[in-house]
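Participant: Here you go, this is protein35.cif (mmCIF, C-alpha atoms and all ligand atoms).
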```
data_my_file
#
loop_
_atom_site.label_atom_id
_atom_site.label_comp_id
_atom_site.auth_asym_id
_atom_site.auth_seq_id
_atom_site.Cartn_x
_atom_site.Cartn_y
_atom_site.Cartn_z
CA MET A 1479 5.24 -2.27 -13.06
CA ILE A 1480 4.07 1.22 -12.16
CA GLU A 1481 4.61 4.31 -14.30
CA MET A 1482 3.47 7.89 -13.92
CA HIS A 1483 3.93 10.48 -16.63
CA ASP A 1484 3.65 14.13 -15.61
CA VAL A 1485 0.87 13.50 -13.10
CA TRP A 1486 -0.92 16.44 -11.51
CA LYS A 1487 -3.63 16.33 -8.84
CA THR A 1488 -5.65 19.38 -7.83
CA TYR A 1489 -8.44 18.67 -5.33
CA ALA A 1490 -11.90 20.22 -5.70
CA ASP A 1491 -11.04 23.00 -3.23
CA GLY A 1492 -8.07 24.06 -5.36
CA THR A 1493 -5.30 22.35 -3.32
CA GLU A 1494 -2.49 21.34 -5.66
CA ALA A 1495 -1.44 18.06 -4.03
CA LEU A 1496 0.78 16.79 -6.88
CA ARG A 1497 2.53 18.96 -9.43
CA GLY A 1498 4.14 17.02 -12.24
CA ILE A 1499 5.15 13.57 -10.95
CA SER A 1500 6.98 11.15 -13.28
CA ILE A 1501 8.29 7.83 -11.95
CA LYS A 1502 8.91 4.25 -12.96
CA VAL A 1503 8.82 1.34 -10.51
CA ASN A 1504 9.99 -2.00 -11.87
CA PRO A 1505 8.52 -5.40 -10.99
CA GLY A 1506 9.97 -6.65 -7.71
CA ASP A 1507 11.15 -3.21 -6.54
CA PHE A 1508 10.78 -2.11 -2.92
CA VAL A 1509 10.25 1.65 -2.72
CA TYR A 1510 9.87 3.97 0.28
CA VAL A 1511 7.93 7.18 -0.25
CA VAL A 1512 8.96 9.87 2.24
CA GLY A 1513 8.39 13.58 2.71
CA PRO A 1514 6.98 16.18 5.08
CA SER A 1515 3.37 16.07 6.25
CA GLY A 1516 1.05 17.34 3.53
CA ALA A 1517 3.66 16.87 0.78
CA GLY A 1518 1.39 14.65 -1.30
CA LYS A 1519 2.42 11.10 -0.35
CA SER A 1520 -1.06 9.73 0.34
CA THR A 1521 -2.39 11.36 -2.80
CA PHE A 1522 0.41 9.73 -4.78
CA MET A 1523 -0.50 6.34 -3.27
CA LYS A 1524 -4.25 6.80 -3.83
CA LEU A 1525 -3.71 7.47 -7.52
CA MET A 1526 -1.97 4.09 -7.88
CA TYR A 1527 -4.95 2.12 -6.57
CA ARG A 1528 -7.41 4.46 -8.28
CA GLU A 1529 -8.94 5.84 -5.11
CA GLU A 1530 -8.30 9.27 -6.67
CA ARG A 1531 -7.97 10.25 -10.31
CA PRO A 1532 -5.29 12.60 -11.65
CA THR A 1533 -6.20 16.04 -12.93
CA LYS A 1534 -3.63 15.57 -15.66
CA GLY A 1535 -1.10 12.93 -16.73
CA GLN A 1536 -1.05 9.18 -17.19
CA ILE A 1537 -0.68 6.27 -14.79
CA PHE A 1538 0.10 2.68 -15.74
CA VAL A 1539 -0.17 -0.20 -13.26
CA ASN A 1540 0.58 -3.78 -14.31
CA GLY A 1541 0.37 -2.68 -17.94
CA PHE A 1542 -3.04 -1.03 -17.64
CA ASN A 1543 -3.52 2.65 -18.37
CA LEU A 1544 -5.68 3.61 -15.36
CA GLU A 1545 -7.19 6.57 -17.20
CA ARG A 1546 -8.35 4.51 -20.14
CA LEU A 1547 -9.66 1.60 -18.13
CA LYS A 1548 -12.99 0.10 -19.20
CA GLN A 1549 -15.41 -0.16 -16.26
CA ARG A 1550 -15.46 -3.96 -16.45
CA LYS A 1551 -11.65 -4.14 -16.14
CA ILE A 1552 -11.54 -2.22 -12.84
CA PRO A 1553 -12.10 -5.28 -10.56
CA TYR A 1554 -9.35 -7.11 -12.42
CA VAL A 1555 -6.88 -4.26 -11.90
CA ARG A 1556 -7.86 -3.87 -8.21
CA ARG A 1557 -7.38 -7.58 -7.59
CA ASN A 1558 -3.79 -7.22 -8.71
CA ILE A 1559 -3.07 -4.45 -6.21
CA GLY A 1560 -3.05 -5.15 -2.47
CA VAL A 1561 -3.53 -2.11 -0.23
CA ILE A 1562 -2.48 -1.76 3.42
CA PHE A 1563 -3.46 1.23 5.59
CA GLN A 1564 -2.17 2.74 8.82
CA ASP A 1565 -5.49 2.03 10.56
CA TYR A 1566 -5.85 -1.60 9.30
CA ARG A 1567 -9.47 -1.17 8.12
CA LEU A 1568 -10.67 -4.65 9.00
CA LEU A 1569 -14.38 -5.45 9.02
CA PRO A 1570 -15.17 -5.45 12.79
CA LYS A 1571 -17.99 -8.00 12.76
CA LEU A 1572 -16.09 -10.59 10.73
CA THR A 1573 -13.51 -13.03 12.10
CA VAL A 1574 -9.89 -12.99 11.00
CA PHE A 1575 -10.61 -15.84 8.58
CA GLU A 1576 -13.69 -14.08 7.17
CA ASN A 1577 -11.85 -10.76 6.75
CA VAL A 1578 -9.22 -12.44 4.59
CA ALA A 1579 -11.69 -14.72 2.79
CA PHE A 1580 -13.83 -11.71 1.86
CA ALA A 1581 -11.19 -10.48 -0.61
CA MET A 1582 -11.46 -13.83 -2.42
CA GLU A 1583 -15.25 -14.11 -2.22
CA VAL A 1584 -15.75 -10.81 -4.05
CA ILE A 1585 -13.94 -12.26 -7.03
CA GLU A 1586 -15.96 -15.47 -6.80
CA THR A 1587 -13.21 -17.90 -5.89
CA PRO A 1588 -14.44 -21.46 -5.20
CA LYS A 1589 -15.03 -22.18 -1.47
CA ARG A 1590 -12.47 -24.95 -1.22
CA THR A 1591 -9.74 -22.78 -2.80
CA ILE A 1592 -10.62 -19.97 -0.38
CA LYS A 1593 -10.24 -22.20 2.68
CA ARG A 1594 -6.86 -23.52 1.58
CA ARG A 1595 -5.45 -20.17 0.50
CA VAL A 1596 -6.70 -18.22 3.55
CA MET A 1597 -5.08 -20.72 5.93
CA GLU A 1598 -1.90 -20.55 3.85
CA VAL A 1599 -1.61 -16.75 4.18
CA LEU A 1600 -2.64 -16.81 7.86
CA ASP A 1601 0.21 -19.26 8.35
CA LEU A 1602 2.60 -16.88 6.58
CA VAL A 1603 1.60 -13.99 8.89
CA LYS A 1604 1.69 -16.38 11.90
CA LEU A 1605 -1.99 -16.00 12.81
CA LYS A 1606 -3.43 -19.43 12.04
CA GLU A 1607 -4.49 -19.96 15.61
CA LYS A 1608 -6.38 -16.63 15.59
CA ALA A 1609 -8.48 -17.51 12.53
CA GLY A 1610 -11.69 -17.52 14.60
CA SER A 1611 -10.99 -14.29 16.54
CA LEU A 1612 -12.60 -10.93 15.93
CA PRO A 1613 -10.37 -7.91 15.15
CA THR A 1614 -11.18 -6.35 18.56
CA GLN A 1615 -9.62 -9.41 20.22
CA LEU A 1616 -6.27 -8.74 18.55
CA SER A 1617 -3.34 -6.41 19.22
CA GLY A 1618 -2.52 -3.64 16.72
CA GLY A 1619 0.35 -5.62 15.25
CA GLU A 1620 -1.86 -8.69 14.86
CA GLN A 1621 -4.56 -6.62 13.17
CA GLN A 1622 -2.01 -5.24 10.75
CA ARG A 1623 -0.85 -8.79 9.99
CA VAL A 1624 -4.46 -9.70 9.16
CA ALA A 1625 -4.59 -6.66 6.85
CA ILE A 1626 -1.39 -7.86 5.18
CA ALA A 1627 -2.86 -11.36 4.77
CA ARG A 1628 -5.92 -9.78 3.15
CA ALA A 1629 -3.74 -7.66 0.86
CA ILE A 1630 -1.71 -10.62 -0.41
CA VAL A 1631 -4.36 -13.35 -0.51
CA ASN A 1632 -5.10 -12.90 -4.22
CA ASN A 1633 -1.39 -12.85 -5.02
CA PRO A 1634 -1.23 -9.27 -6.32
CA ALA A 1635 1.81 -8.12 -8.30
CA VAL A 1636 1.80 -4.78 -6.48
CA ILE A 1637 1.37 -3.91 -2.79
CA ILE A 1638 0.66 -0.30 -1.78
CA ALA A 1639 1.19 0.40 1.92
CA ASP A 1640 0.38 3.85 3.31
CA GLU A 1641 2.16 4.21 6.68
CA PRO A 1642 1.60 0.57 7.67
CA THR A 1643 3.63 0.96 10.87
CA GLY A 1644 2.21 4.38 11.79
CA ASN A 1645 0.21 3.07 14.78
CA LEU A 1646 2.69 0.46 15.97
CA ASP A 1647 5.55 0.40 18.47
CA PRO A 1648 9.11 -0.04 17.12
CA GLU A 1649 9.41 -3.77 17.80
CA THR A 1650 6.03 -4.57 16.23
CA SER A 1651 6.91 -2.31 13.30
CA TRP A 1652 10.03 -4.36 12.64
CA GLY A 1653 7.93 -7.53 12.58
CA ILE A 1654 5.70 -5.94 9.93
CA MET A 1655 8.77 -4.88 7.91
CA LYS A 1656 10.22 -8.40 7.98
CA LEU A 1657 6.91 -9.65 6.64
CA LEU A 1658 6.79 -7.07 3.85
CA GLU A 1659 10.38 -7.90 2.95
CA GLU A 1660 9.50 -11.58 2.72
CA ILE A 1661 6.51 -10.77 0.48
CA ASN A 1662 8.82 -8.65 -1.70
CA LEU A 1663 11.34 -11.51 -1.92
CA ARG A 1664 8.51 -13.73 -3.15
CA GLY A 1665 8.15 -11.33 -6.08
CA ALA A 1666 5.66 -8.57 -5.18
CA THR A 1667 6.47 -4.94 -5.94
CA ILE A 1668 6.07 -2.86 -2.77
CA VAL A 1669 5.51 0.88 -2.52
CA MET A 1670 5.38 2.08 1.08
CA ALA A 1671 4.82 5.61 2.37
CA THR A 1672 6.37 6.13 5.79
CA HIS A 1673 7.54 8.63 8.41
CA ASN A 1674 9.69 5.93 10.05
CA LYS A 1675 13.25 7.22 9.77
CA GLU A 1676 14.85 4.23 11.47
CA ILE A 1677 13.22 1.72 9.14
CA VAL A 1678 14.14 3.64 5.96
CA ASN A 1679 17.74 4.20 7.08
CA THR A 1680 18.21 0.58 8.14
CA MET A 1681 16.62 -1.16 5.15
CA ARG A 1682 18.40 0.94 2.49
CA LYS A 1683 15.97 0.53 -0.39
CA ARG A 1684 14.98 2.93 -3.11
CA VAL A 1685 13.68 6.18 -1.59
CA ILE A 1686 11.41 8.62 -3.40
CA ALA A 1687 10.98 11.92 -1.54
CA ILE A 1688 7.96 14.07 -2.30
CA GLU A 1689 7.98 17.73 -1.29
CA ASN A 1690 5.33 20.22 -2.24
CA GLY A 1691 3.79 17.83 -4.73
CA ARG A 1692 7.03 17.22 -6.63
CA ILE A 1693 9.73 14.53 -6.57
CA ALA A 1694 12.56 16.05 -4.54
CA ARG A 1695 14.81 12.93 -4.52
CA ASP A 1696 14.81 9.48 -6.05
CA GLU A 1697 17.74 7.38 -4.83
CA GLN A 1698 18.65 3.71 -4.83
CA ARG A 1699 19.68 2.63 -1.32
CA GLY A 1700 18.49 6.02 -0.16
CA GLU A 1701 18.02 7.64 3.24
CA TYR A 1702 15.06 9.12 5.07
CA GLY A 1703 16.64 12.58 5.03
CA TYR A 1704 14.37 14.44 7.48
CA GLU A 1705 14.62 15.01 11.22
CA ASP A 1706 11.09 13.95 12.32
N1 LIG B 1 -9.68 15.24 -0.36
C1 LIG B 1 -8.91 16.33 -0.29
N2 LIG B 1 -9.40 17.55 -0.59
C2 LIG B 1 -8.64 18.67 -0.53
N3 LIG B 1 -7.33 18.65 -0.20
C3 LIG B 1 -6.78 17.47 0.12
C4 LIG B 1 -7.53 16.25 0.09
N4 LIG B 1 -6.71 15.24 0.46
C5 LIG B 1 -5.52 15.79 0.70
N5 LIG B 1 -5.55 17.13 0.50
C6 LIG B 1 -4.44 18.10 0.60
O1 LIG B 1 -3.46 17.73 -0.35
C7 LIG B 1 -2.15 17.93 0.18
C8 LIG B 1 -1.41 16.60 0.16
O2 LIG B 1 -2.03 15.71 1.09
P1 LIG B 1 -1.56 14.20 1.30
O3 LIG B 1 -2.52 13.57 2.22
O4 LIG B 1 -1.34 13.58 -0.01
O5 LIG B 1 -0.15 14.45 2.03
P2 LIG B 1 0.81 13.44 2.81
O6 LIG B 1 2.18 13.69 2.30
O7 LIG B 1 0.29 12.06 2.69
O8 LIG B 1 0.72 13.93 4.30
P3 LIG B 1 0.90 13.10 5.69
O9 LIG B 1 2.34 12.73 5.79
O10 LIG B 1 0.52 14.12 6.73
O11 LIG B 1 -0.03 11.93 5.66
C9 LIG B 1 -2.33 18.51 1.58
O12 LIG B 1 -2.27 19.92 1.47
C10 LIG B 1 -3.73 18.07 1.95
O13 LIG B 1 -4.32 18.99 2.86
#
```
How does this structure look as structure tokens?
Facilitator:
Amino acid sequence: MIEMHDVWKTYADGTEALRGISIKVNPGDFVYVVGPSGAGKSTFMKLMYREERPTKGQIFVNGFNLERLKQRKIPYVRRNIGVIFQDYRLLPKLTVFENVAFAMEVIETPKRTIKRRVMEVLDLVKLKEKAGSLPTQLSGGEQQRVAIARAIVNNPAVIIADEPTGNLDPETSWGIMKLLEEINLRGATIVMATHNKEIVNTMRKRVIAIENGRIARDEQRGEYGYED
């Protein structure tokens, strides 16, 4: 569950990125966040995983009020949110296995559990045979699948994906979408910012459009609605 109540974000230089956002995303929802460049989509996403803090307003994720969070609860909240970026952000010197295992090591999961679970998610993203490869030895689509494996390995209730197909060709992008759909069907809530018109118009999920820092549309089975 994600809720925002009248959330505002003004950056240090005075840019008003968000101007009064209120939304509710229910468990198991799949939501596309669309809007023109600079509209505030990434800022909206960053607030949900606490990369940025709001200037005003309240944000609840998985029942936690992010603004009232005790320092020691932050790792617990982060563990329950998987984040996927346009540029993958894998650790270049670690193998595929190690990149995914890392997310479990930081929360001190026993070694044997890590091995079993990492191979399980690598199987899900169809990369078991690449477990020993380095990120540079993989294609863009494969790297994004590793990033997805890393995002889901701790079984988070919420997945935040900021333009996950932004660097990928159409066919590879569809592979990534199928995977995210499968993860959603297994119960995860997914919020995905995208400029991919074809994907949004084909999948027909909830669409939240942000323009000028405000919610311009919020439709079930919505459309992309822009020409780019
Ligand atoms: N750290 C920052 N400091 C100052 N201004 C920022 C910062 N990050 C973003 N902005 C500004 O806030 C506004 C919203 O940016 P944001 O990245 O959220 O937009 P976006 O909708 O994700 O854009 P895009 O589709 O191009 O990725 C823009 O005017 C941007 O220049």
Participant: A:Lys1534, A:Lys1593, A:Arg1692, A:Lys1548: which is nearest ligand LIG 1 (chain B), counting all atoms listed in the file?
Facilitator: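 Using all atoms listed in the file, ligand LIG 1 (chain B) sits closest to A:Arg1692.
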Participant: Counting only C-alpha atoms and all ligand atoms, what are the residues, protein, DNA or RNA alike, that approach ligand LIG 1 (chain B) to within 6 Å? I want them as a PyMOL selection string.
Facilitator: chain A and resi 1489+1491+1493+1495+1514-1521
Participant: List the neighbours of A:Val1539 out to 10 Å using only C-alpha atoms; skip same-chain residues closer than 3 positions along the sequence, and give me the result as a count of residues only.
Facilitator: 17
Participant: For stretch 1527-1641 of chain A versus stretch 1497-1501 of chain A, which residues have an atom no more than 10 Å away, and what is each residue's nearest atom pair and distance in Å rounded to one decimal, using all atoms listed in the file, chain-then-number order, as CSV?
Facilitator:
```
residue,atom,partner,partner_atom,distance
A:Thr1533,CA,A:Arg1497,CA,9.8
A:Lys1534,CA,A:Gly1498,CA,8.6
A:Gly1535,CA,A:Gly1498,CA,8.0
A:Gln1536,CA,A:Ser1500,CA,9.1
A:Ile1537,CA,A:Ser1500,CA,9.2
```
Participant: Only C-alpha atoms, please: the residues just picked out, written as a short mmCIF file (atom, residue, chain, number, x, y, z; two decimals), in the frame of the given file.
Facilitator:
```cif
data_model
loop_
_atom_site.label_atom_id
_atom_site.label_comp_id
_atom_site.auth_asym_id
_atom_site.auth_seq_id
_atom_site.Cartn_x
_atom_site.Cartn_y
_atom_site.Cartn_z
CA THR A 1533 -6.20 16.04 -12.93
CA LYS A 1534 -3.63 15.57 -15.66
CA GLY A 1535 -1.10 12.93 -16.73
CA GLN A 1536 -1.05 9.18 -17.19
CA ILE A 1537 -0.68 6.27 -14.79
#
```
Participant: Could you give me, as JSON, numbers by chain, the residues within 8 Å of A:Asp1640, counting all atoms listed in the file and dropping anything in the same chain fewer than 2 positions from it?
Facilitator: {"A": [1520, 1523, 1561, 1562, 1563, 1564, 1638, 1642, 1670, 1671, 1672]}
Participant: Mind pulling up the distance from atom CA of A:Asn1540 to atom CA of A:Val1574?
Facilitator: 28.9 Å
Participant: Which residues are near A:Tyr1510? Cut-off 9 Å, all atoms listed in the file, ignore same chain within fewer than 4 positions. Put them as a list in words.
Facilitator: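 Near A:Tyr1510, the qualifying residues are Ile1668, Val1669, Met1670, Ala1671, Thr1672, Val1678, Lys1683, Arg1684, Val1685, Ile1686, Ala1687, Gly1700 and Tyr1702 of chain A.
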